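For reference, data_7.pdb is printed below; it contains PDB, N, CA and C atoms.
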```
ATOM      1  N   MET A   1    -115.764  90.263 164.698
ATOM      2  CA  MET A   1    -116.729  89.196 164.901
ATOM      3  C   MET A   1    -117.578  88.996 163.653
ATOM      4  N   PHE A   2    -117.940  90.107 162.984
ATOM      5  CA  PHE A   2    -118.766  90.014 161.779
ATOM      6  C   PHE A   2    -118.061  89.190 160.707
ATOM      7  N   LYS A   3    -116.791  89.475 160.481
ATOM      8  CA  LYS A   3    -116.040  88.739 159.455
ATOM      9  C   LYS A   3    -115.905  87.269 159.822
ATOM     10  N   GLN A   4    -115.752  86.978 161.114
ATOM     11  CA  GLN A   4    -115.647  85.591 161.562
ATOM     12  C   GLN A   4    -116.947  84.844 161.263
ATOM     13  N   ASN A   5    -118.085  85.485 161.522
ATOM     14  CA  ASN A   5    -119.376  84.854 161.241
ATOM     15  C   ASN A   5    -119.566  84.626 159.747
ATOM     16  N   GLU A   6    -119.239  85.635 158.949
ATOM     17  CA  GLU A   6    -119.399  85.511 157.496
ATOM     18  C   GLU A   6    -118.474  84.439 156.926
ATOM     19  N   LYS A   7    -117.269  84.367 157.457
ATOM     20  CA  LYS A   7    -116.327  83.343 157.002
ATOM     21  C   LYS A   7    -116.841  81.952 157.367
ATOM     22  N   ALA A   8    -117.383  81.812 158.565
ATOM     23  CA  ALA A   8    -117.939  80.526 158.996
ATOM     24  C   ALA A   8    -119.114  80.117 158.115
ATOM     25  N   ILE A   9    -119.983  81.070 157.800
ATOM     26  CA  ILE A   9    -121.137  80.785 156.946
ATOM     27  C   ILE A   9    -120.663  80.313 155.574
ATOM     28  N   ALA A  10    -119.686  80.990 155.019
ATOM     29  CA  ALA A  10    -119.163  80.611 153.702
ATOM     30  C   ALA A  10    -118.534  79.220 153.737
ATOM     31  N   GLN A  11    -117.795  78.925 154.794
ATOM     32  CA  GLN A  11    -117.147  77.620 154.902
ATOM     33  C   GLN A  11    -118.171  76.502 155.057
ATOM     34  N   ILE A  12    -119.183  76.727 155.871
ATOM     35  CA  ILE A  12    -120.227  75.716 156.059
ATOM     36  C   ILE A  12    -121.003  75.513 154.762
ATOM     37  N   ALA A  13    -121.344  76.612 154.102
ATOM     38  CA  ALA A  13    -122.108  76.525 152.849
ATOM     39  C   ALA A  13    -121.324  75.771 151.779
ATOM     40  N   ASP A  14    -120.019  75.887 151.797
ATOM     41  CA  ASP A  14    -119.190  75.159 150.842
ATOM     42  C   ASP A  14    -119.061  73.685 151.231
ATOM     43  N   TYR A  15    -118.980  73.415 152.525
ATOM     44  CA  TYR A  15    -118.749  72.066 153.038
ATOM     45  C   TYR A  15    -119.971  71.153 152.912
ATOM     46  N   ILE A  16    -121.138  71.652 153.242
ATOM     47  CA  ILE A  16    -122.336  70.817 153.346
ATOM     48  C   ILE A  16    -122.686  70.083 152.051
ATOM     49  N   PRO A  17    -122.744  70.732 150.907
ATOM     50  CA  PRO A  17    -123.095  69.973 149.693
ATOM     51  C   PRO A  17    -122.110  68.842 149.378
ATOM     52  N   ARG A  18    -120.833  69.065 149.651
ATOM     53  CA  ARG A  18    -119.831  68.025 149.389
ATOM     54  C   ARG A  18    -119.930  66.894 150.397
ATOM     55  N   ALA A  19    -120.065  67.222 151.661
ATOM     56  CA  ALA A  19    -120.035  66.218 152.719
ATOM     57  C   ALA A  19    -121.324  65.408 152.813
ATOM     58  N   CYS A  20    -122.424  65.997 152.422
ATOM     59  CA  CYS A  20    -123.729  65.353 152.622
ATOM     60  C   CYS A  20    -124.335  64.806 151.335
ATOM     61  N   ARG A  21    -123.575  64.736 150.282
ATOM     62  CA  ARG A  21    -124.088  64.360 148.964
ATOM     63  C   ARG A  21    -124.907  63.068 148.987
ATOM     64  N   GLY A  22    -124.436  62.006 149.601
ATOM     65  CA  GLY A  22    -125.133  60.723 149.579
ATOM     66  C   GLY A  22    -126.011  60.456 150.789
ATOM     67  N   MET A  23    -126.205  61.436 151.632
ATOM     68  CA  MET A  23    -126.944  61.232 152.884
ATOM     69  C   MET A  23    -128.445  61.428 152.723
ATOM     70  N   GLN A  24    -129.171  60.812 153.633
ATOM     71  CA  GLN A  24    -130.601  61.069 153.753
ATOM     72  C   GLN A  24    -130.777  62.470 154.340
ATOM     73  N   LEU A  25    -131.976  63.024 154.212
ATOM     74  CA  LEU A  25    -132.240  64.385 154.670
ATOM     75  C   LEU A  25    -131.926  64.562 156.154
ATOM     76  N   GLN A  26    -132.406  63.656 156.997
ATOM     77  CA  GLN A  26    -132.189  63.804 158.440
ATOM     78  C   GLN A  26    -130.707  63.712 158.802
ATOM     79  N   GLU A  27    -129.972  62.857 158.113
ATOM     80  CA  GLU A  27    -128.526  62.757 158.348
ATOM     81  C   GLU A  27    -127.827  64.055 157.950
ATOM     82  N   ALA A  28    -128.231  64.610 156.829
ATOM     83  CA  ALA A  28    -127.622  65.857 156.353
ATOM     84  C   ALA A  28    -127.925  67.008 157.311
ATOM     85  N   LYS A  29    -129.159  67.069 157.805
ATOM     86  CA  LYS A  29    -129.515  68.113 158.775
ATOM     87  C   LYS A  29    -128.701  67.958 160.054
ATOM     88  N   ALA A  30    -128.527  66.718 160.507
ATOM     89  CA  ALA A  30    -127.738  66.473 161.718
ATOM     90  C   ALA A  30    -126.290  66.908 161.509
ATOM     91  N   ARG A  31    -125.737  66.635 160.329
ATOM     92  CA  ARG A  31    -124.362  67.044 160.020
ATOM     93  C   ARG A  31    -124.248  68.564 160.030
ATOM     94  N   LEU A  32    -125.239  69.232 159.445
ATOM     95  CA  LEU A  32    -125.238  70.694 159.427
ATOM     96  C   LEU A  32    -125.317  71.247 160.848
ATOM     97  N   GLU A  33    -126.194  70.678 161.675
ATOM     98  CA  GLU A  33    -126.316  71.136 163.066
ATOM     99  C   GLU A  33    -125.007  70.956 163.825
ATOM    100  N   LYS A  34    -124.331  69.824 163.611
ATOM    101  CA  LYS A  34    -123.046  69.582 164.275
ATOM    102  C   LYS A  34    -121.994  70.594 163.819
ATOM    103  N   LYS A  35    -121.992  70.877 162.525
ATOM    104  CA  LYS A  35    -121.014  71.834 161.984
ATOM    105  C   LYS A  35    -121.265  73.228 162.564
ATOM    106  N   ILE A  36    -122.531  73.615 162.649
ATOM    107  CA  ILE A  36    -122.878  74.911 163.241
ATOM    108  C   ILE A  36    -122.417  74.954 164.696
ATOM    109  N   ALA A  37    -122.653  73.874 165.438
ATOM    110  CA  ALA A  37    -122.253  73.816 166.847
ATOM    111  C   ALA A  37    -120.740  73.968 167.004
ATOM    112  N   LEU A  38    -119.976  73.372 166.109
ATOM    113  CA  LEU A  38    -118.515  73.503 166.172
ATOM    114  C   LEU A  38    -118.076  74.954 166.004
ATOM    115  N   TYR A  39    -118.693  75.652 165.066
ATOM    116  CA  TYR A  39    -118.339  77.056 164.848
ATOM    117  C   TYR A  39    -118.798  77.933 166.015
ATOM    118  N   ILE A  40    -119.922  77.596 166.625
ATOM    119  CA  ILE A  40    -120.378  78.339 167.804
ATOM    120  C   ILE A  40    -119.381  78.152 168.943
ATOM    121  N   ASP A  41    -118.903  76.914 169.121
ATOM    122  CA  ASP A  41    -117.888  76.648 170.145
ATOM    123  C   ASP A  41    -116.602  77.430 169.886
ATOM    124  N   ASP A  42    -116.328  77.723 168.618
ATOM    125  CA  ASP A  42    -115.132  78.488 168.254
ATOM    126  C   ASP A  42    -115.327  79.995 168.386
ATOM    127  N   GLY A  43    -116.525  80.429 168.811
ATOM    128  CA  GLY A  43    -116.738  81.845 169.072
ATOM    129  C   GLY A  43    -117.641  82.580 168.109
ATOM    130  N   CYS A  44    -118.228  81.881 167.154
ATOM    131  CA  CYS A  44    -119.158  82.541 166.231
ATOM    132  C   CYS A  44    -120.505  82.760 166.916
ATOM    133  N   ASP A  45    -121.263  83.692 166.414
ATOM    134  CA  ASP A  45    -122.562  84.044 166.980
ATOM    135  C   ASP A  45    -123.606  82.995 166.600
ATOM    136  N   ALA A  46    -124.201  82.356 167.604
ATOM    137  CA  ALA A  46    -125.183  81.294 167.380
ATOM    138  C   ALA A  46    -126.390  81.796 166.606
ATOM    139  N   ALA A  47    -126.874  82.978 166.944
ATOM    140  CA  ALA A  47    -128.064  83.516 166.279
ATOM    141  C   ALA A  47    -127.808  83.759 164.796
ATOM    142  N   VAL A  48    -126.633  84.264 164.475
ATOM    143  CA  VAL A  48    -126.290  84.550 163.077
ATOM    144  C   VAL A  48    -126.195  83.254 162.272
ATOM    145  N   LEU A  49    -125.491  82.268 162.811
ATOM    146  CA  LEU A  49    -125.334  81.002 162.091
ATOM    147  C   LEU A  49    -126.664  80.273 161.938
ATOM    148  N   ASN A  50    -127.445  80.227 163.009
ATOM    149  CA  ASN A  50    -128.741  79.544 162.928
ATOM    150  C   ASN A  50    -129.682  80.241 161.958
ATOM    151  N   ALA A  51    -129.657  81.561 161.941
ATOM    152  CA  ALA A  51    -130.509  82.303 161.003
ATOM    153  C   ALA A  51    -130.066  82.067 159.562
ATOM    154  N   ALA A  52    -128.770  81.992 159.350
ATOM    155  CA  ALA A  52    -128.252  81.797 157.992
ATOM    156  C   ALA A  52    -128.666  80.450 157.411
ATOM    157  N   PHE A  53    -128.733  79.438 158.259
ATOM    158  CA  PHE A  53    -129.035  78.098 157.762
ATOM    159  C   PHE A  53    -130.425  77.602 158.148
ATOM    160  N   ALA A  54    -131.267  78.487 158.650
ATOM    161  CA  ALA A  54    -132.640  78.103 158.994
ATOM    162  C   ALA A  54    -133.401  77.524 157.804
ATOM    163  N   PRO A  55    -133.306  78.118 156.605
ATOM    164  CA  PRO A  55    -134.034  77.522 155.468
ATOM    165  C   PRO A  55    -133.614  76.074 155.190
ATOM    166  N   ALA A  56    -132.338  75.782 155.303
ATOM    167  CA  ALA A  56    -131.868  74.410 155.077
ATOM    168  C   ALA A  56    -132.343  73.485 156.195
ATOM    169  N   LEU A  57    -132.248  73.951 157.436
ATOM    170  CA  LEU A  57    -132.654  73.113 158.563
ATOM    171  C   LEU A  57    -134.160  72.881 158.609
ATOM    172  N   ASN A  58    -134.935  73.787 158.029
ATOM    173  CA  ASN A  58    -136.393  73.651 158.020
ATOM    174  C   ASN A  58    -136.927  73.025 156.735
ATOM    175  N   SER A  59    -136.051  72.605 155.851
ATOM    176  CA  SER A  59    -136.494  72.042 154.573
ATOM    177  C   SER A  59    -137.119  70.661 154.785
ATOM    178  N   HIS A  60    -137.962  70.288 153.839
ATOM    179  CA  HIS A  60    -138.683  69.017 153.936
ATOM    180  C   HIS A  60    -138.224  67.995 152.907
ATOM    181  N   THR A  61    -137.356  68.388 151.999
ATOM    182  CA  THR A  61    -136.823  67.458 151.002
ATOM    183  C   THR A  61    -135.321  67.667 150.865
ATOM    184  N   ARG A  62    -134.641  66.635 150.375
ATOM    185  CA  ARG A  62    -133.195  66.746 150.148
ATOM    186  C   ARG A  62    -132.895  67.858 149.154
ATOM    187  N   GLU A  63    -133.731  67.936 148.116
ATOM    188  CA  GLU A  63    -133.510  68.946 147.085
ATOM    189  C   GLU A  63    -133.575  70.358 147.662
ATOM    190  N   SER A  64    -134.589  70.609 148.487
ATOM    191  CA  SER A  64    -134.714  71.950 149.072
ATOM    192  C   SER A  64    -133.592  72.220 150.079
ATOM    193  N   PHE A  65    -133.134  71.178 150.777
ATOM    194  CA  PHE A  65    -132.015  71.320 151.710
ATOM    195  C   PHE A  65    -130.764  71.788 150.962
ATOM    196  N   PHE A  66    -130.438  71.096 149.876
ATOM    197  CA  PHE A  66    -129.236  71.453 149.125
ATOM    198  C   PHE A  66    -129.404  72.770 148.385
ATOM    199  N   ARG A  67    -130.610  73.049 147.921
ATOM    200  CA  ARG A  67    -130.870  74.327 147.250
ATOM    201  C   ARG A  67    -130.653  75.476 148.232
ATOM    202  N   ALA A  68    -131.153  75.320 149.460
ATOM    203  CA  ALA A  68    -130.988  76.363 150.480
ATOM    204  C   ALA A  68    -129.506  76.558 150.813
ATOM    205  N   SER A  69    -128.758  75.477 150.884
ATOM    206  CA  SER A  69    -127.317  75.575 151.155
ATOM    207  C   SER A  69    -126.591  76.265 150.013
ATOM    208  N   GLN A  70    -126.951  75.936 148.779
ATOM    209  CA  GLN A  70    -126.296  76.539 147.624
ATOM    210  C   GLN A  70    -126.664  78.004 147.489
ATOM    211  N   ARG A  71    -127.900  78.344 147.817
ATOM    212  CA  ARG A  71    -128.320  79.744 147.762
ATOM    213  C   ARG A  71    -127.462  80.564 148.703
ATOM    214  N   ARG A  72    -127.221  80.021 149.875
ATOM    215  CA  ARG A  72    -126.395  80.714 150.862
ATOM    216  C   ARG A  72    -124.982  80.887 150.317
ATOM    217  N   SER A  73    -124.477  79.847 149.692
ATOM    218  CA  SER A  73    -123.130  79.900 149.132
ATOM    219  C   SER A  73    -123.043  80.930 148.008
ATOM    220  N   ALA A  74    -124.064  81.004 147.188
ATOM    221  CA  ALA A  74    -124.091  81.980 146.091
ATOM    222  C   ALA A  74    -124.134  83.403 146.634
ATOM    223  N   LYS A  75    -124.904  83.629 147.703
ATOM    224  CA  LYS A  75    -124.968  84.961 148.318
ATOM    225  C   LYS A  75    -123.599  85.361 148.852
ATOM    226  N   GLU A  76    -122.908  84.423 149.473
ATOM    227  CA  GLU A  76    -121.581  84.703 150.016
ATOM    228  C   GLU A  76    -120.614  85.068 148.893
ATOM    229  N   ALA A  77    -120.665  84.332 147.806
ATOM    230  CA  ALA A  77    -119.752  84.593 146.691
ATOM    231  C   ALA A  77    -119.995  85.974 146.102
ATOM    232  N   THR A  78    -121.263  86.372 146.004
ATOM    233  CA  THR A  78    -121.573  87.688 145.437
ATOM    234  C   THR A  78    -121.114  88.797 146.373
ATOM    235  N   SER A  79    -121.309  88.618 147.670
ATOM    236  CA  SER A  79    -120.922  89.676 148.605
ATOM    237  C   SER A  79    -119.403  89.797 148.697
ATOM    238  N   GLU A  80    -118.674  88.711 148.486
ATOM    239  CA  GLU A  80    -117.216  88.773 148.527
ATOM    240  C   GLU A  80    -116.659  89.518 147.320
ATOM    241  N   GLN A  81    -117.372  89.481 146.194
ATOM    242  CA  GLN A  81    -116.896  90.150 144.992
ATOM    243  C   GLN A  81    -117.107  91.653 145.055
ATOM    244  N   ASP A  82    -118.054  92.121 145.868
ATOM    245  CA  ASP A  82    -118.359  93.565 145.964
ATOM    246  C   ASP A  82    -117.253  94.347 146.615
TER     247      ASP A  82
END
```
Written as structure tokens, how would this file's structure read?
Amino acid sequence: MFKQNEKAIAQIADYIPRACRGMQLQEAKARLEKKIALYIDDGCDAAVLNAAFAPALNSHTRESFFRASQRRSAKEATSEQD
């Protein structure tokens, strides 16, 4: 289950910056929430996914939203190399 959650987090973190590039902040947050819901339906832990993307979902600007998503992606890349 742990690997499934980590894989989902990495996939979402990679997807969001590409998919939401031209969107307004609220649209991007809605897309992220939908993506999280899809992974929860597939069996991932809701608490883990929501905690991982809480900084992005609580951001007040597009820049901070994308920065939070990229930070998550960078953390995933570093942990995969270890």
Applied to this file, what does the PyMOL selection byres ((chain A and resi 19-30) around 8) return in terms of residues, put as an mmCIF file with N, CA and C atoms, in the coordinates of the input?
```cif
data_model
loop_
_atom_site.group_PDB
_atom_site.id
_atom_site.type_symbol
_atom_site.label_atom_id
_atom_site.label_comp_id
_atom_site.auth_asym_id
_atom_site.auth_seq_id
_atom_site.Cartn_x
_atom_site.Cartn_y
_atom_site.Cartn_z
ATOM 1 N N ASP A 14 -120.019 75.887 151.797
ATOM 2 C CA ASP A 14 -119.190 75.159 150.842
ATOM 3 C C ASP A 14 -119.061 73.685 151.231
ATOM 4 N N TYR A 15 -118.980 73.415 152.525
ATOM 5 C CA TYR A 15 -118.749 72.066 153.038
ATOM 6 C C TYR A 15 -119.971 71.153 152.912
ATOM 7 N N ILE A 16 -121.138 71.652 153.242
ATOM 8 C CA ILE A 16 -122.336 70.817 153.346
ATOM 9 C C ILE A 16 -122.686 70.083 152.051
ATOM 10 N N PRO A 17 -122.744 70.732 150.907
ATOM 11 C CA PRO A 17 -123.095 69.973 149.693
ATOM 12 C C PRO A 17 -122.110 68.842 149.378
ATOM 13 N N ARG A 18 -120.833 69.065 149.651
ATOM 14 C CA ARG A 18 -119.831 68.025 149.389
ATOM 15 C C ARG A 18 -119.930 66.894 150.397
ATOM 16 N N ARG A 31 -125.737 66.635 160.329
ATOM 17 C CA ARG A 31 -124.362 67.044 160.020
ATOM 18 C C ARG A 31 -124.248 68.564 160.030
ATOM 19 N N LEU A 32 -125.239 69.232 159.445
ATOM 20 C CA LEU A 32 -125.238 70.694 159.427
ATOM 21 C C LEU A 32 -125.317 71.247 160.848
ATOM 22 N N GLU A 33 -126.194 70.678 161.675
ATOM 23 C CA GLU A 33 -126.316 71.136 163.066
ATOM 24 C C GLU A 33 -125.007 70.956 163.825
ATOM 25 N N LYS A 34 -124.331 69.824 163.611
ATOM 26 C CA LYS A 34 -123.046 69.582 164.275
ATOM 27 C C LYS A 34 -121.994 70.594 163.819
ATOM 28 N N LYS A 35 -121.992 70.877 162.525
ATOM 29 C CA LYS A 35 -121.014 71.834 161.984
ATOM 30 C C LYS A 35 -121.265 73.228 162.564
ATOM 31 N N ILE A 36 -122.531 73.615 162.649
ATOM 32 C CA ILE A 36 -122.878 74.911 163.241
ATOM 33 C C ILE A 36 -122.417 74.954 164.696
ATOM 34 N N ALA A 56 -132.338 75.782 155.303
ATOM 35 C CA ALA A 56 -131.868 74.410 155.077
ATOM 36 C C ALA A 56 -132.343 73.485 156.195
ATOM 37 N N LEU A 57 -132.248 73.951 157.436
ATOM 38 C CA LEU A 57 -132.654 73.113 158.563
ATOM 39 C C LEU A 57 -134.160 72.881 158.609
ATOM 40 N N ASN A 58 -134.935 73.787 158.029
ATOM 41 C CA ASN A 58 -136.393 73.651 158.020
ATOM 42 C C ASN A 58 -136.927 73.025 156.735
ATOM 43 N N SER A 59 -136.051 72.605 155.851
ATOM 44 C CA SER A 59 -136.494 72.042 154.573
ATOM 45 C C SER A 59 -137.119 70.661 154.785
ATOM 46 N N HIS A 60 -137.962 70.288 153.839
ATOM 47 C CA HIS A 60 -138.683 69.017 153.936
ATOM 48 C C HIS A 60 -138.224 67.995 152.907
ATOM 49 N N THR A 61 -137.356 68.388 151.999
ATOM 50 C CA THR A 61 -136.823 67.458 151.002
ATOM 51 C C THR A 61 -135.321 67.667 150.865
ATOM 52 N N ARG A 62 -134.641 66.635 150.375
ATOM 53 C CA ARG A 62 -133.195 66.746 150.148
ATOM 54 C C ARG A 62 -132.895 67.858 149.154
ATOM 55 N N GLU A 63 -133.731 67.936 148.116
ATOM 56 C CA GLU A 63 -133.510 68.946 147.085
ATOM 57 C C GLU A 63 -133.575 70.358 147.662
ATOM 58 N N PHE A 65 -133.134 71.178 150.777
ATOM 59 C CA PHE A 65 -132.015 71.320 151.710
ATOM 60 C C PHE A 65 -130.764 71.788 150.962
#
```
Contacts of Leu49 in chain A within 12 Å, only C-alpha atoms, excl. fewer than 2 positions in-chain, as a ChimeraX atom specification: /A:2,4-13,32-41,43-47,51-57,72
Helix (DSSP H, G or I) positions in chain A, given as number ranges by chain: A: 2-19, 25-41, 46-52, 54-57, 62-81
Length of the atom C of Gln70 in chain A to atom N of Asn50 in chain A vector [Å]: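 Interatomic distance, atom C of Gln70 in chain A to atom N of Asn50 in chain A: 15.7 Å.
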Atom C of Lys3 in chain A to CA of Val48 in chain A, distance in Å rounded to a single decimal: 11.2 Å
